[in-house]
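Presented below is the structure to which this report refers.
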Amino acid sequence: MCKKIRNSVAFLMLGAFIFNITACGSLKESSTDDVLNESLGVSDGETATATNDQDTQTHSASYIVGSGTCGENLLWTLDGEGVLTISGSGTMTNYGAAFGVEKPWKEFKEDIVSVEIGNEVTSIGYAAFSYCHNLKNVSIGSGVFSIGKGAFCECTSLTDIVLPESVSHIYEYAFDTCSALKSVTIKNTGRLTIQSNAFDGCSNIADVYYSGTEEGWNKNMDMYRFNSEISDANIHYNN
């Protein structure tokens, strides 16, 4: 009789032990999910999943570091990967001491690695991106017709620039001392004015790609002095 009782007690203890293991395992899993959901801002009833490094980078890139206005109808945003985007329509504000206005992204200038300018933006302001030493890539929208004085002055990491067909005026010192600049593409085959010192100090420019013919270059290129970095480069015509 005692043996049967002992066996029954042992069986009950074993069952309780298995139940506790199962319950603790479920509790631990549930707690982990709760913590993960809370950290990622997932609501009740949703399941959070682990992300790989690429997903984490994407999440970081979407984080807005700074934003504001840079023209009457223009907005700027800077994300976690250093991409500065200019959106909206119309002209950009001119910056610098002459205007008594500092560019709104000045405190982030060393973080900017890429600039993307929308197609409805019509001008790039004076000194807009000057001294952005880590700027490597610039995408200029198809609506930009002028690049302001000193706009990209001393952007010493910029290696190439594509000027869309809409650009008809490049002001003084626009690309002054962009010492890493090696390639310039000019898509405008009509009248293009390049004012004095626009490319002064860009001693590494090797190639200029022009969408027009050599005759068109000689006829339409209105280039002021101190731009030998352009005129002395290897010019590729679209003959």
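Chains: A, B, ... in order of the structure tokens. Residues: from 1 per chain. Ligands: from 1, in order shown.
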
Considering only C-alpha atoms, return as a ChimeraX atom specification whatever protein or nucleic-acid residues lie within 12 Å of Ala174 of chain A, sequence-local ones (same chain, fewer than 5 positions apart) excluded. /A:124-131,146-155,161,169,194-202,227

Which residues, written as a short mmCIF file (atom, residue, chain, number, x, y, z; two decimals) with C-alpha atoms, in the first residue's frame, have at least one atom at most 12 Å from Glu215 of chain A, with only C-alpha atoms counted and residues fewer than 6 positions away on the same chain left out?
data_model
loop_
_atom_site.label_atom_id
_atom_site.label_comp_id
_atom_site.auth_asym_id
_atom_site.auth_seq_id
_atom_site.Cartn_x
_atom_site.Cartn_y
_atom_site.Cartn_z
CA THR A 189 23.93 72.24 -75.40
CA GLY A 190 22.56 75.77 -75.45
CA MET A 221 30.11 78.18 -73.92
CA TYR A 237 32.00 65.85 -77.55
CA ASN A 238 28.87 64.08 -78.73
CA ASN A 239 29.68 64.19 -82.45
#

Just to confirm, what's the straight-line distance from atom CA of Tyr95 of chain A to atom CA of Leu75 of chain A in Å (one decimal)?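 Separation between atom CA of Tyr95 of chain A and atom CA of Leu75 of chain A: 15.2 Å.
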
In Å, how far is it from atom CA of His133 of chain A to atom CA of Val184 of chain A?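 Computed distance, atom CA of His133 of chain A to atom CA of Val184 of chain A, equals 18.5 Å.
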
List every residue of segment 54-223 of chain A that DSSP, applied to the backbone of this structure, places in alpha helix (DSSP H), and write the result as a list in words. Gln54, Asp55, Thr56, Gln57, Thr58, His59, Ser60, Ala61, Glu214, Glu215, Gly216, Trp217, Asn218, Lys219 and Asn220 of chain A

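Those residues that approach Ser142 of chain A to within 6 Å, counting only C-alpha atoms, are Asn119, Val144, Pro164 and Ser166 of chain A; same-chain residues fewer than 2 positions away are not listed.
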
When you look at Ser87 of chain A with a cut-off of 12 Å (counting only C-alpha atoms), what residues show up, excluding the ones that are within fewer than 3 positions of it in the same chain? I need them as number ranges by chain. A: 67-78, 84, 90-92, 115-124, 140-141, 143

Given only C-alpha atoms as the basis, pick out the residue of A:Val101, A:Val83, A:Ile64, A:Val162 nearest to Leu135 of chain A.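 Result for the nearest residue to Leu135 of chain A: A:Val83.
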
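Remark: for Tyr171 of chain A, the closest of the candidate residues A:Asp222, A:Gly100, A:Asn204, A:Thr159 is A:Asp222 (distances computed over only C-alpha atoms).
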